[in-house]
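Heads up, the thing below is written out as structure tokens.
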Amino acid sequence: MDTNAKIDVLNKLLEAEISAIEYYKIHAESIAEKDIAEGIIAIIPAEQSHAINLAARIRDLGGEPIDASGDAVGIGRQIGEESKKQGTMGMLRMELENEQQAIKDYAIPVADISDDMDTLEMLEEQLFDEMRHAKWLKKKILELKGKL
């Protein structure tokens, strides 16, 4: 994977992280179950850290990160507002779908990058975070369904 391709991939990941921060904020304010809302609040700093790391790595590679106040923010807010109408279960399911997509989106460059250990290690760490978030969301969904 050449440098320009890496920068493109990292910017797509950055866009998804910025969007996630926005819908997680809306969900944290909208979820009535205190323990679940606190869990969502705890995820936000990880997503913010992911965005910061991605933007820094893009710059290190000589690229320009997407505008952190641009379209991704609006998309995230729109997703958050629409999904909150579905209640806690709907919000958790939407978050899980997005975390599962993030896992896939991080796994591809982790598999493909073979010449840039700094980028690879950053993506690997963030992939593990996304996997932990998905696992937590699955557990909460099962709890709400009464299956745990």
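Quick note on naming: the chains in the structure tokens go A, B, ... in the order shown, residues restart at 1 in each chain, and ligands are numbered from 1 in order of appearance.
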
What are the closest atom pairs, with distances in Å to one decimal, for each residue of segment 34-87 of chain A lying within 12 Å of segment 95-107 of chain A, using only C-alpha atoms, rows by chain and rising residue number, as CSV?
```
residue,atom,partner,partner_atom,distance
A:Ile40,CA,A:Glu95,CA,9.7
A:Ile43,CA,A:Glu95,CA,11.0
A:Glu47,CA,A:Glu99,CA,10.8
A:His50,CA,A:Tyr106,CA,11.4
A:Leu54,CA,A:Tyr106,CA,11.5
A:Gly76,CA,A:Asn98,CA,11.2
A:Ile79,CA,A:Glu95,CA,10.0
A:Gly80,CA,A:Glu95,CA,9.5
A:Ser83,CA,A:Glu95,CA,9.4
A:Lys84,CA,A:Glu95,CA,10.9
```

Contacts of Leu144 of chain A within 12 Å, only C-alpha atoms, excl. fewer than 2 positions in-chain, as a compact mmCIF listing (two decimals) with all heavy atoms, in the first residue's frame:
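Generated file (out-v1.txt):
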```txt
# COMPACT_ATOMS: atom_id res chain seq x y z
N GLU A 33 -31.23 4.50 30.83
CA GLU A 33 -30.58 3.57 31.74
C GLU A 33 -29.18 4.11 32.10
O GLU A 33 -28.29 4.18 31.25
CB GLU A 33 -30.45 2.17 31.10
CG GLU A 33 -31.78 1.51 30.81
CD GLU A 33 -32.41 1.93 29.48
OE1 GLU A 33 -31.88 2.83 28.80
OE2 GLU A 33 -33.45 1.36 29.13
N ASP A 35 -26.55 3.09 33.78
CA ASP A 35 -25.33 2.30 33.58
C ASP A 35 -24.95 2.22 32.10
O ASP A 35 -23.76 2.26 31.75
CB ASP A 35 -25.47 0.89 34.17
CG ASP A 35 -26.54 0.06 33.49
OD1 ASP A 35 -27.63 0.59 33.19
OD2 ASP A 35 -26.29 -1.14 33.25
N ILE A 36 -25.94 2.15 31.25
CA ILE A 36 -25.65 2.10 29.81
C ILE A 36 -25.16 3.46 29.33
O ILE A 36 -24.17 3.54 28.59
CB ILE A 36 -26.88 1.62 29.02
CG1 ILE A 36 -27.24 0.18 29.41
CG2 ILE A 36 -26.64 1.73 27.52
CD1 ILE A 36 -28.51 -0.35 28.79
N GLY A 87 -35.14 4.33 20.71
CA GLY A 87 -34.95 3.91 22.09
C GLY A 87 -33.58 3.29 22.32
O GLY A 87 -32.76 3.18 21.41
N THR A 88 -33.36 2.88 23.55
CA THR A 88 -32.05 2.36 23.94
C THR A 88 -31.63 1.18 23.08
O THR A 88 -30.50 1.14 22.58
CB THR A 88 -32.05 1.96 25.44
OG1 THR A 88 -32.34 3.13 26.22
CG2 THR A 88 -30.71 1.40 25.85
N MET A 89 -32.50 0.23 22.89
CA MET A 89 -32.13 -0.96 22.11
C MET A 89 -31.76 -0.57 20.68
O MET A 89 -30.77 -1.06 20.14
CB MET A 89 -33.28 -1.98 22.10
CG MET A 89 -32.92 -3.27 21.37
SD MET A 89 -31.63 -4.24 22.16
CE MET A 89 -32.58 -5.07 23.41
N GLY A 90 -32.52 0.30 20.08
CA GLY A 90 -32.22 0.75 18.72
C GLY A 90 -30.88 1.46 18.64
O GLY A 90 -30.12 1.27 17.69
N LEU A 92 -28.32 1.08 20.71
CA LEU A 92 -27.25 0.10 20.92
C LEU A 92 -27.02 -0.75 19.67
O LEU A 92 -25.87 -1.03 19.30
CB LEU A 92 -27.55 -0.79 22.12
CG LEU A 92 -27.55 -0.10 23.48
CD1 LEU A 92 -27.93 -1.10 24.57
CD2 LEU A 92 -26.21 0.55 23.78
N ARG A 93 -28.09 -1.14 19.03
CA ARG A 93 -27.95 -1.93 17.79
C ARG A 93 -27.24 -1.13 16.70
O ARG A 93 -26.38 -1.65 16.00
CB ARG A 93 -29.32 -2.40 17.30
CG ARG A 93 -29.87 -3.54 18.11
CD ARG A 93 -31.16 -4.06 17.48
NE ARG A 93 -31.65 -5.19 18.23
CZ ARG A 93 -32.93 -5.35 18.57
NH1 ARG A 93 -33.84 -4.47 18.20
NH2 ARG A 93 -33.30 -6.41 19.25
N LEU A 137 -21.14 -3.69 23.74
CA LEU A 137 -22.47 -3.43 23.19
C LEU A 137 -23.28 -4.72 23.06
O LEU A 137 -24.47 -4.75 23.37
CB LEU A 137 -22.36 -2.73 21.84
CG LEU A 137 -21.88 -1.27 21.92
CD1 LEU A 137 -21.39 -0.79 20.56
CD2 LEU A 137 -22.98 -0.37 22.45
N LYS A 138 -22.65 -5.80 22.61
CA LYS A 138 -23.34 -7.09 22.51
C LYS A 138 -23.85 -7.53 23.87
O LYS A 138 -24.99 -8.00 24.01
CB LYS A 138 -22.40 -8.15 21.93
CG LYS A 138 -22.09 -7.97 20.47
CD LYS A 138 -21.05 -8.97 20.00
CE LYS A 138 -20.66 -8.73 18.57
NZ LYS A 138 -19.64 -9.68 18.09
N LYS A 139 -23.01 -7.35 24.88
CA LYS A 139 -23.40 -7.74 26.24
C LYS A 139 -24.60 -6.92 26.71
O LYS A 139 -25.56 -7.48 27.27
CB LYS A 139 -22.22 -7.56 27.20
CG LYS A 139 -22.52 -7.96 28.61
CD LYS A 139 -21.32 -7.77 29.51
CE LYS A 139 -21.68 -8.10 30.94
NZ LYS A 139 -20.65 -7.70 31.88
N LYS A 140 -24.58 -5.63 26.47
CA LYS A 140 -25.69 -4.77 26.90
C LYS A 140 -26.98 -5.12 26.16
O LYS A 140 -28.06 -5.12 26.74
CB LYS A 140 -25.35 -3.29 26.72
CG LYS A 140 -24.28 -2.81 27.66
CD LYS A 140 -24.70 -3.03 29.10
CE LYS A 140 -23.58 -2.88 30.08
NZ LYS A 140 -23.95 -3.26 31.44
N ILE A 141 -26.87 -5.43 24.89
CA ILE A 141 -28.05 -5.82 24.12
C ILE A 141 -28.63 -7.12 24.68
O ILE A 141 -29.85 -7.24 24.86
CB ILE A 141 -27.70 -5.96 22.62
CG1 ILE A 141 -27.46 -4.55 22.03
CG2 ILE A 141 -28.79 -6.70 21.86
CD1 ILE A 141 -26.84 -4.55 20.65
N LEU A 142 -27.78 -8.08 24.97
CA LEU A 142 -28.25 -9.33 25.56
C LEU A 142 -28.88 -9.11 26.93
O LEU A 142 -29.89 -9.73 27.26
CB LEU A 142 -27.11 -10.35 25.65
CG LEU A 142 -26.63 -10.93 24.32
CD1 LEU A 142 -25.39 -11.79 24.53
CD2 LEU A 142 -27.74 -11.75 23.67
N GLY A 146 -32.83 -9.74 28.23
CA GLY A 146 -33.02 -10.69 29.31
C GLY A 146 -32.33 -12.01 29.09
O GLY A 146 -32.69 -13.01 29.70
N LYS A 147 -31.31 -12.03 28.25
CA LYS A 147 -30.60 -13.27 27.94
C LYS A 147 -29.29 -13.39 28.69
O LYS A 147 -28.54 -14.33 28.45
CB LYS A 147 -30.38 -13.39 26.43
CG LYS A 147 -31.70 -13.49 25.68
CD LYS A 147 -31.47 -13.76 24.23
CE LYS A 147 -32.83 -13.94 23.54
NZ LYS A 147 -32.70 -14.33 22.17
N LEU A 148 -29.00 -12.44 29.56
CA LEU A 148 -27.80 -12.54 30.40
C LEU A 148 -28.17 -12.34 31.85
O LEU A 148 -29.07 -11.66 32.19
CB LEU A 148 -26.77 -11.48 30.01
CG LEU A 148 -25.80 -11.81 28.90
CD1 LEU A 148 -24.75 -10.71 28.76
CD2 LEU A 148 -25.09 -13.12 29.08
```

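Residue nearest Ile75 of chain A within the list A:Ala46, A:Ala16, A:Leu120, A:Val110: A:Ala16 [criterion: smallest interatomic distance, only C-alpha atoms].
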
Picked from segment 1-138 of chain A by DSSP as helix (DSSP H, G or I), as a count of residues only: 117

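Minimum atom-to-atom distances from A:Ala55, A:Ala134, A:Leu61, A:Met117 to Gly39 of chain A were compared using only C-alpha atoms, and the lowest value belongs to A:Ala134.
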
10 Å contact set for Gln48 of chain A, only C-alpha atoms, chain neighbours under 4 positions out, as number ranges by chain: A: 14, 17-18, 20-21, 43-44, 52-54

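Here the question is which of A:Tyr24, A:Lys135, A:Ala56, A:Ser69 gets nearest to Ala42 of chain A using only C-alpha atoms, and that residue is A:Tyr24.
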
For segment 32-106 of chain A versus segment 5-11 of chain A, which residues have an atom no more than 7 Å away, and what is each residue's nearest atom pair and distance in Å rounded to one decimal, using only C-alpha atoms, chain-then-number order, as JSON lines?
```
{"residue": "A:Leu54", "atom": "CA", "partner": "A:Leu10", "partner_atom": "CA", "distance": 6.2}
{"residue": "A:Ile58", "atom": "CA", "partner": "A:Ile7", "partner_atom": "CA", "distance": 5.7}
{"residue": "A:Gly63", "atom": "CA", "partner": "A:Ile7", "partner_atom": "CA", "distance": 6.2}
{"residue": "A:Pro65", "atom": "CA", "partner": "A:Asn11", "partner_atom": "CA", "distance": 6.1}
{"residue": "A:Ile66", "atom": "CA", "partner": "A:Asn11", "partner_atom": "CA", "distance": 6.2}
```

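Computed from the coordinates, the atom CA of Trp136 of chain A to atom CA of Gly70 of chain A distance equals 29.2 Å.
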
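Between His133 of chain A and the residues A:Gly62, A:Asn4, A:Gln78, A:Ile41, the shortest atom-to-atom distance, using only C-alpha atoms, involves A:Ile41.
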